[in-house]
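The structure appears below as structure tokens.
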Amino acid sequence: MPNRPLKMNKLRTIIRLYTDRVGLRAIAEMARTSRNTVKKYVNKWNTLSLTYKEFLSKSDAELYALFCIEETPVESNPRIDALEAFLPSASKEMGRKGMTSHKQWERYRAAHPDGYSLTQFRVALRRYERISNPSMRMEHKAGDKLFVDYTGSKLWIYPPGEQPREVEVFVAILGCSLLTYVEAVESQRKEDFISACENAFYYYGGVPKAIVPDNLKSAVTKASRYEAILNTEFERFGEHYGVTVYPTRARSPKDKAHVENAVKLTYKDIFTVIEPLHCPDLRSLNIAIRAALEKHNNQNRPRRNYSRRDYFEDVEQEALGPLNPIRYQMKKHIVTTVDKYGYARLHEDIHYYSVPHTYIGKKVQLSYTVADVEIRYNYDIIAHHTRDRHNYRYTTVTEHLCPKHRAVMEWSPERFLQQAAAIHEDVEHYIRRILEKTRYQDQANKICSGILNFARKVGPDRLAAACRLADSYGKYSFREIQDILQNKSEAIDLPEEPADMPEHENIRGKEYYK
């Protein structure tokens, strides 16, 4: 084993005593070191052209370089040079899927038959990778990031009378306090993923500045080293809670090392407790997970006198942002064409919703939740409806119809009587008699509409006179009014009612002719 370098304060003591002409044995006793060590450094001192004053002005690093570093000639080693030249390409190839260090060693030995053995090659490769790609320690601020991931292994539920099935396990962890949240969900689909993230926010009682997922399809549409393309629905979820979605780089687990370690702790502290329970459904499984999770979060961390929960409540809880009081409702989106009647079809329910008639024939986007349906054109909301799940039905807003259709939709006896009263009381009386005498409502609506339209053509006075005349005849129809107005018969004075026949003995009466 090589000798340990002498401490510089002891070296200064040796040289000071030597310059004071103290013997080597006495110096060794006073410096508490061996005489050979004293002799070694004294001989080195004698080879240096230094005064004692210059010696005292030297720093520890300079003295170490003068007395402890041996200048040995550098000899090149062809085997080492060949290995060092091969390592960069080997390290790059190790990033490929399925590549192993043994395959790289075989390639190395094929090029250098006298090269190093497999063990020495692996040691050199690991050392090169540690130096060329070291890990960076990150400081996470309170309330800054929430890391999320799924466990590789899954839990099982055992429904009565059914086959057991696997469920996914979602894990979230805050970067500063390391407070962990775990939940079992049906799948990794975006609706389950968004619901689990939202439940994590409510578990923490606030929202972080950023949420850090990996590149699963529920969060990221296209991964990128610099700016990933996010899943539209997950991006809307982040906007709803005011959280930035900040995905990791592809194949870079170090970017979310906290949650990777949280997954390992989940296996140790939660899976080992849950697996023997054989929970019958997802709800009971999550209740059991929550009990084990609270124990995990409340136990003291290794070599610390506080737990994750304690540190969260002391440091990070106040740094979280406020929760949106309205829970996020996931929307689905489809594109459809408005039909010739002015309706957009929601294919999932086979239901039709009205849009303004000016959008007939145009492509619109339907965004719908469990309760509402929004219809957009070029990002502008043009219609909003309450969702109706009845098949082959139509939901109509009267304002969406063209004026002609809107007028037909507004037909009613009350509206006809109101319009007639605005023209003249005789017209109102005539319309009322038509509504009373016509048995089929749609037919009565058409007759009333046609009669009231005459007010715009001939004026209210002529229409009122025509209605009085027709009423005197006891004729109640559209054609009766039309004939009167065409013949201008309304100008004829109505005949006066005949006087009652006086009684007289010479008047025989109708009874006489029977």
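Just remember, in the structure tokens the first chain shown is A, the second B, etc., residues are 1-based per chain, and ligands are 1-based in the order shown.
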*Fewer than 4 positions away in the same chain doesn't count, so skip those; otherwise give me all residues within 7 Å of region 413-418 of chain A, counting only C-alpha atoms, as number ranges by chain.*
A: 422, 428, 431-432, 448
Residue list (strand (DSSP E), DSSP) for region 297-391 of chain A, as an mmCIF file with C-alpha atoms, in the first residue's frame:
```cif
data_model
loop_
_atom_site.group_PDB
_atom_site.id
_atom_site.type_symbol
_atom_site.label_atom_id
_atom_site.label_comp_id
_atom_site.auth_asym_id
_atom_site.auth_seq_id
_atom_site.Cartn_x
_atom_site.Cartn_y
_atom_site.Cartn_z
ATOM 1 C CA LYS A 332 -65.301 14.726 -26.076
ATOM 2 C CA HIS A 333 -65.012 16.327 -29.491
ATOM 3 C CA ILE A 334 -66.318 15.362 -32.908
ATOM 4 C CA VAL A 335 -66.613 17.172 -36.220
ATOM 5 C CA THR A 336 -69.860 16.945 -38.181
ATOM 6 C CA THR A 337 -71.704 18.767 -40.969
ATOM 7 C CA TYR A 343 -79.257 20.389 -37.100
ATOM 8 C CA ALA A 344 -75.935 18.838 -36.027
ATOM 9 C CA ARG A 345 -75.957 15.156 -35.154
ATOM 10 C CA LEU A 346 -74.289 13.751 -32.032
ATOM 11 C CA HIS A 351 -79.564 12.911 -31.297
ATOM 12 C CA TYR A 352 -79.893 16.141 -33.290
ATOM 13 C CA TYR A 353 -79.218 19.662 -31.968
ATOM 14 C CA SER A 354 -80.176 22.895 -33.696
ATOM 15 C CA LYS A 363 -68.594 21.711 -40.656
ATOM 16 C CA VAL A 364 -68.875 22.363 -36.921
ATOM 17 C CA GLN A 365 -67.250 20.864 -33.816
ATOM 18 C CA LEU A 366 -69.393 19.279 -31.115
ATOM 19 C CA SER A 367 -67.823 19.372 -27.633
ATOM 20 C CA TYR A 368 -69.895 17.444 -25.130
ATOM 21 C CA ASP A 372 -73.940 19.712 -21.926
ATOM 22 C CA VAL A 373 -73.337 20.010 -25.650
ATOM 23 C CA GLU A 374 -71.436 22.959 -27.155
ATOM 24 C CA ILE A 375 -71.313 23.543 -30.893
ATOM 25 C CA ARG A 376 -68.419 25.626 -32.256
ATOM 26 C CA TYR A 377 -67.546 27.074 -35.619
ATOM 27 C CA ASP A 380 -66.746 30.468 -31.655
ATOM 28 C CA ILE A 381 -69.608 28.939 -29.668
ATOM 29 C CA ILE A 382 -72.674 29.137 -31.911
ATOM 30 C CA ALA A 383 -75.030 26.914 -29.874
ATOM 31 C CA HIS A 384 -75.290 25.434 -26.394
ATOM 32 C CA HIS A 385 -77.720 22.674 -25.388
ATOM 33 C CA THR A 386 -78.467 20.431 -22.441
#
```
*Using only C-alpha atoms, which residues sit within 8 Å of region 160-174 of chain A once same-chain residues fewer than 3 positions away are excluded, as JSON, numbers by chain?*
{"A": [143, 145, 146, 147, 148, 149, 150, 151, 154, 155, 156, 157, 177, 178, 179, 180, 181, 182, 183, 184, 185, 186, 187, 188, 193, 196, 197, 200, 258, 259, 262, 263, 280]}
Please produce a file of the residues just selected, as a PDB file, in the first residue's frame, where the atoms kept are C-alpha atoms.
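Now in out.pdb:
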```pdb
ATOM      1  CA  GLY A 143     -45.226  24.007  -4.727  1.00  0.00           C
ATOM      2  CA  LYS A 145     -43.714  20.337  -9.528  1.00  0.00           C
ATOM      3  CA  LEU A 146     -45.937  17.292  -9.180  1.00  0.00           C
ATOM      4  CA  PHE A 147     -44.454  14.155 -10.761  1.00  0.00           C
ATOM      5  CA  VAL A 148     -46.922  11.485 -11.965  1.00  0.00           C
ATOM      6  CA  ASP A 149     -46.532   7.957 -13.322  1.00  0.00           C
ATOM      7  CA  TYR A 150     -48.040   4.465 -13.349  1.00  0.00           C
ATOM      8  CA  THR A 151     -46.496   1.446 -11.656  1.00  0.00           C
ATOM      9  CA  LYS A 154     -50.565  -4.012 -11.351  1.00  0.00           C
ATOM     10  CA  LEU A 155     -52.986  -4.865  -8.578  1.00  0.00           C
ATOM     11  CA  TRP A 156     -55.921  -7.264  -8.853  1.00  0.00           C
ATOM     12  CA  ILE A 157     -59.574  -7.022  -7.889  1.00  0.00           C
ATOM     13  CA  SER A 177     -41.910  17.449   0.453  1.00  0.00           C
ATOM     14  CA  LEU A 178     -42.149  14.065  -1.370  1.00  0.00           C
ATOM     15  CA  LEU A 179     -45.740  13.659  -0.111  1.00  0.00           C
ATOM     16  CA  THR A 180     -47.099  10.750  -2.157  1.00  0.00           C
ATOM     17  CA  TYR A 181     -50.547   9.966  -3.570  1.00  0.00           C
ATOM     18  CA  VAL A 182     -51.540   6.513  -4.860  1.00  0.00           C
ATOM     19  CA  GLU A 183     -54.812   5.460  -6.512  1.00  0.00           C
ATOM     20  CA  ALA A 184     -56.005   2.376  -8.404  1.00  0.00           C
ATOM     21  CA  VAL A 185     -57.776   3.114 -11.703  1.00  0.00           C
ATOM     22  CA  GLU A 186     -59.328   0.995 -14.430  1.00  0.00           C
ATOM     23  CA  SER A 187     -56.893   1.909 -17.198  1.00  0.00           C
ATOM     24  CA  GLN A 188     -54.370   4.416 -18.493  1.00  0.00           C
ATOM     25  CA  PHE A 193     -55.564   9.568 -16.025  1.00  0.00           C
ATOM     26  CA  ALA A 196     -56.489  10.479 -10.989  1.00  0.00           C
ATOM     27  CA  CYS A 197     -54.533  13.733 -11.440  1.00  0.00           C
ATOM     28  CA  ALA A 200     -54.308  14.062  -6.402  1.00  0.00           C
ATOM     29  CA  HIS A 258     -38.712  11.223  -7.584  1.00  0.00           C
ATOM     30  CA  VAL A 259     -41.720   9.363  -8.929  1.00  0.00           C
ATOM     31  CA  ALA A 262     -41.955   6.557  -5.249  1.00  0.00           C
ATOM     32  CA  VAL A 263     -43.026   3.603  -7.413  1.00  0.00           C
ATOM     33  CA  PRO A 280     -63.845  -7.231  -4.530  1.00  0.00           C
TER      34      PRO A 280
END
```
*Give me the residues within 8 Å of region 6-17 of chain A as a PyMOL selection string, counting only C-alpha atoms and dropping any in the same chain fewer than 6 places off.*
chain A and resi 27+31+38+41-42+45+56+60+63-64+68
Restricting it to N, CA and C atoms, dump the selection as a PDB file, in the first residue's frame.
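Wrote it out as part-v8.pdb, contents follow:
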```pdb
ATOM      1  N   ILE A  27      13.623  15.482  15.158  1.00  0.00           N
ATOM      2  CA  ILE A  27      12.513  15.996  14.348  1.00  0.00           C
ATOM      3  C   ILE A  27      11.398  14.956  14.255  1.00  0.00           C
ATOM      4  N   ALA A  31       7.718  15.733  15.505  1.00  0.00           N
ATOM      5  CA  ALA A  31       6.656  15.759  14.491  1.00  0.00           C
ATOM      6  C   ALA A  31       5.768  14.525  14.555  1.00  0.00           C
ATOM      7  N   VAL A  38      10.795  11.700   7.643  1.00  0.00           N
ATOM      8  CA  VAL A  38      11.512  12.975   7.791  1.00  0.00           C
ATOM      9  C   VAL A  38      12.663  13.047   6.808  1.00  0.00           C
ATOM     10  N   TYR A  41      11.468  13.880   3.147  1.00  0.00           N
ATOM     11  CA  TYR A  41      11.088  15.264   2.853  1.00  0.00           C
ATOM     12  C   TYR A  41      12.272  16.217   3.003  1.00  0.00           C
ATOM     13  N   VAL A  42      13.223  15.870   3.882  1.00  0.00           N
ATOM     14  CA  VAL A  42      14.435  16.702   3.999  1.00  0.00           C
ATOM     15  C   VAL A  42      15.257  16.603   2.726  1.00  0.00           C
ATOM     16  N   TRP A  45      13.717  18.657   0.167  1.00  0.00           N
ATOM     17  CA  TRP A  45      13.975  20.081   0.442  1.00  0.00           C
ATOM     18  C   TRP A  45      15.351  20.489  -0.056  1.00  0.00           C
ATOM     19  N   LEU A  56       7.772  29.498   3.222  1.00  0.00           N
ATOM     20  CA  LEU A  56       6.620  29.869   4.045  1.00  0.00           C
ATOM     21  C   LEU A  56       5.536  30.573   3.256  1.00  0.00           C
ATOM     22  N   ASP A  60      -0.781  25.493   0.542  1.00  0.00           N
ATOM     23  CA  ASP A  60      -0.797  24.041   0.713  1.00  0.00           C
ATOM     24  C   ASP A  60      -0.752  23.321  -0.626  1.00  0.00           C
ATOM     25  N   LEU A  63       2.782  23.511  -2.024  1.00  0.00           N
ATOM     26  CA  LEU A  63       3.700  22.615  -1.301  1.00  0.00           C
ATOM     27  C   LEU A  63       3.434  21.153  -1.657  1.00  0.00           C
ATOM     28  N   TYR A  64       2.164  20.802  -1.815  1.00  0.00           N
ATOM     29  CA  TYR A  64       1.832  19.425  -2.188  1.00  0.00           C
ATOM     30  C   TYR A  64       2.415  19.088  -3.563  1.00  0.00           C
ATOM     31  N   CYS A  68       5.018  16.235  -2.845  1.00  0.00           N
ATOM     32  CA  CYS A  68       4.285  14.967  -2.835  1.00  0.00           C
ATOM     33  C   CYS A  68       4.027  14.375  -4.206  1.00  0.00           C
TER      34      CYS A  68
END
```
*What is the distance, in Å and to one decimal place, between CA of Glu294 (chain A) and CA of Asn199 (chain A)?*
15.3 Å
Shell around Ala210 (chain A) at 6 Å using only C-alpha atoms, local window under 4 positions removed, as a PDB file with C-alpha atoms, in the first residue's frame:
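File produced: selection.pdb:
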```pdb
ATOM      1  CA  LYS A 145     -43.714  20.337  -9.528  1.00  0.00           C
ATOM      2  CA  VAL A 243     -51.235  24.152 -14.106  1.00  0.00           C
ATOM      3  CA  THR A 244     -48.480  23.904 -16.725  1.00  0.00           C
ATOM      4  CA  VAL A 245     -48.010  20.460 -18.278  1.00  0.00           C
TER       5      VAL A 245
END
```
_Using only C-alpha atoms, which protein or nucleic acid residues come within 12 Å of Gln482 (chain A)? Drop anything in the same chain fewer than 3 positions from it, and give the result as a ChimeraX atom specification._
/A:447,450-455,457-458,462-463,466-467,469-470,475-479,485-490
What does the file look like for those residues with N, CA and C atoms, as an mmCIF file, in the first residue's frame?
```cif
data_model
loop_
_atom_site.group_PDB
_atom_site.id
_atom_site.type_symbol
_atom_site.label_atom_id
_atom_site.label_comp_id
_atom_site.auth_asym_id
_atom_site.auth_seq_id
_atom_site.Cartn_x
_atom_site.Cartn_y
_atom_site.Cartn_z
ATOM 1 N N ILE A 447 -105.653 28.663 -41.480
ATOM 2 C CA ILE A 447 -106.732 29.601 -41.816
ATOM 3 C C ILE A 447 -106.514 30.940 -41.121
ATOM 4 N N GLY A 450 -103.590 32.851 -42.666
ATOM 5 C CA GLY A 450 -103.931 33.444 -43.950
ATOM 6 C C GLY A 450 -104.815 34.666 -43.805
ATOM 7 N N ILE A 451 -105.814 34.607 -42.907
ATOM 8 C CA ILE A 451 -106.709 35.754 -42.713
ATOM 9 C C ILE A 451 -105.939 36.949 -42.153
ATOM 10 N N LEU A 452 -105.076 36.720 -41.157
ATOM 11 C CA LEU A 452 -104.334 37.826 -40.549
ATOM 12 C C LEU A 452 -103.346 38.448 -41.523
ATOM 13 N N ASN A 453 -102.860 37.664 -42.487
ATOM 14 C CA ASN A 453 -101.935 38.225 -43.483
ATOM 15 C C ASN A 453 -102.617 39.249 -44.384
ATOM 16 N N PHE A 454 -103.958 39.193 -44.495
ATOM 17 C CA PHE A 454 -104.668 40.181 -45.310
ATOM 18 C C PHE A 454 -104.524 41.593 -44.748
ATOM 19 N N ALA A 455 -104.227 41.689 -43.443
ATOM 20 C CA ALA A 455 -104.097 43.029 -42.845
ATOM 21 C C ALA A 455 -102.958 43.802 -43.475
ATOM 22 N N LYS A 457 -101.956 43.342 -46.595
ATOM 23 C CA LYS A 457 -102.237 43.551 -48.020
ATOM 24 C C LYS A 457 -103.328 44.610 -48.259
ATOM 25 N N VAL A 458 -104.411 44.519 -47.478
ATOM 26 C CA VAL A 458 -105.560 45.420 -47.741
ATOM 27 C C VAL A 458 -105.783 46.433 -46.629
ATOM 28 N N ARG A 462 -110.330 47.344 -43.967
ATOM 29 C CA ARG A 462 -111.044 46.467 -44.899
ATOM 30 C C ARG A 462 -111.175 45.055 -44.320
ATOM 31 N N LEU A 463 -110.108 44.581 -43.644
ATOM 32 C CA LEU A 463 -110.167 43.232 -43.062
ATOM 33 C C LEU A 463 -111.238 43.176 -41.982
ATOM 34 N N ALA A 466 -114.603 43.038 -43.646
ATOM 35 C CA ALA A 466 -114.836 41.718 -44.237
ATOM 36 C C ALA A 466 -115.208 40.702 -43.166
ATOM 37 N N CYS A 467 -114.557 40.802 -42.024
ATOM 38 C CA CYS A 467 -114.867 39.867 -40.944
ATOM 39 C C CYS A 467 -116.280 40.105 -40.405
ATOM 40 N N LEU A 469 -118.808 41.252 -42.156
ATOM 41 C CA LEU A 469 -119.746 40.766 -43.156
ATOM 42 C C LEU A 469 -119.849 39.247 -43.130
ATOM 43 N N ALA A 470 -118.697 38.579 -43.096
ATOM 44 C CA ALA A 470 -118.703 37.113 -43.079
ATOM 45 C C ALA A 470 -119.358 36.592 -41.815
ATOM 46 N N LYS A 475 -120.468 32.569 -41.975
ATOM 47 C CA LYS A 475 -119.486 31.847 -42.770
ATOM 48 C C LYS A 475 -118.102 32.080 -42.149
ATOM 49 N N TYR A 476 -117.407 31.004 -41.793
ATOM 50 C CA TYR A 476 -116.118 31.130 -41.101
ATOM 51 C C TYR A 476 -115.063 30.302 -41.840
ATOM 52 N N SER A 477 -114.434 30.972 -42.799
ATOM 53 C CA SER A 477 -113.380 30.290 -43.565
ATOM 54 C C SER A 477 -112.479 31.335 -44.204
ATOM 55 N N PHE A 478 -111.289 30.863 -44.664
ATOM 56 C CA PHE A 478 -110.350 31.752 -45.349
ATOM 57 C C PHE A 478 -110.925 32.200 -46.679
ATOM 58 N N ARG A 479 -111.552 31.272 -47.425
ATOM 59 C CA ARG A 479 -112.057 31.616 -48.746
ATOM 60 C C ARG A 479 -113.190 32.646 -48.669
ATOM 61 N N LEU A 485 -113.037 40.229 -50.008
ATOM 62 C CA LEU A 485 -112.031 41.254 -50.301
ATOM 63 C C LEU A 485 -111.785 41.387 -51.788
ATOM 64 N N GLN A 486 -111.806 40.253 -52.527
ATOM 65 C CA GLN A 486 -111.591 40.340 -53.974
ATOM 66 C C GLN A 486 -112.760 41.073 -54.654
ATOM 67 N N ASN A 487 -113.981 40.830 -54.190
ATOM 68 C CA ASN A 487 -115.156 41.474 -54.773
ATOM 69 C C ASN A 487 -115.477 42.828 -54.139
ATOM 70 N N LYS A 488 -114.675 43.168 -53.159
ATOM 71 C CA LYS A 488 -114.890 44.427 -52.428
ATOM 72 C C LYS A 488 -116.307 44.501 -51.852
ATOM 73 N N SER A 489 -116.764 43.349 -51.423
ATOM 74 C CA SER A 489 -118.130 43.275 -50.873
ATOM 75 C C SER A 489 -118.203 43.851 -49.476
ATOM 76 N N GLU A 490 -117.054 44.034 -48.828
ATOM 77 C CA GLU A 490 -117.087 44.535 -47.457
ATOM 78 C C GLU A 490 -117.659 45.948 -47.394
#
```
*asked:* Which residues are close to region 403-410 of chain A, i.e. within 10 Å by only C-alpha atoms, leaving aside same-chain residues fewer than 3 positions away? Reply as a PyMOL selection string.
replied: chain A and resi 357+397-400+413+415-416+445-446+449
Could you dump the residues just selected with C-alpha atoms as a short mmCIF file (atom, residue, chain, number, x, y, z; two decimals), in the first residue's frame?
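Final output, saved to part-v4.cif:
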```cif
data_model
loop_
_atom_site.label_atom_id
_atom_site.label_comp_id
_atom_site.auth_asym_id
_atom_site.auth_seq_id
_atom_site.Cartn_x
_atom_site.Cartn_y
_atom_site.Cartn_z
CA HIS A 357 -79.72 28.46 -39.89
CA VAL A 397 -83.89 26.51 -30.01
CA THR A 398 -86.44 28.75 -31.72
CA GLU A 399 -83.91 31.56 -32.24
CA HIS A 400 -81.86 29.23 -34.48
CA PRO A 413 -104.41 30.13 -30.55
CA ARG A 415 -100.84 34.29 -30.43
CA PHE A 416 -103.47 34.46 -33.21
CA ASN A 445 -103.65 27.66 -37.66
CA LYS A 446 -103.31 27.91 -41.41
CA SER A 449 -102.52 32.87 -40.46
#
```
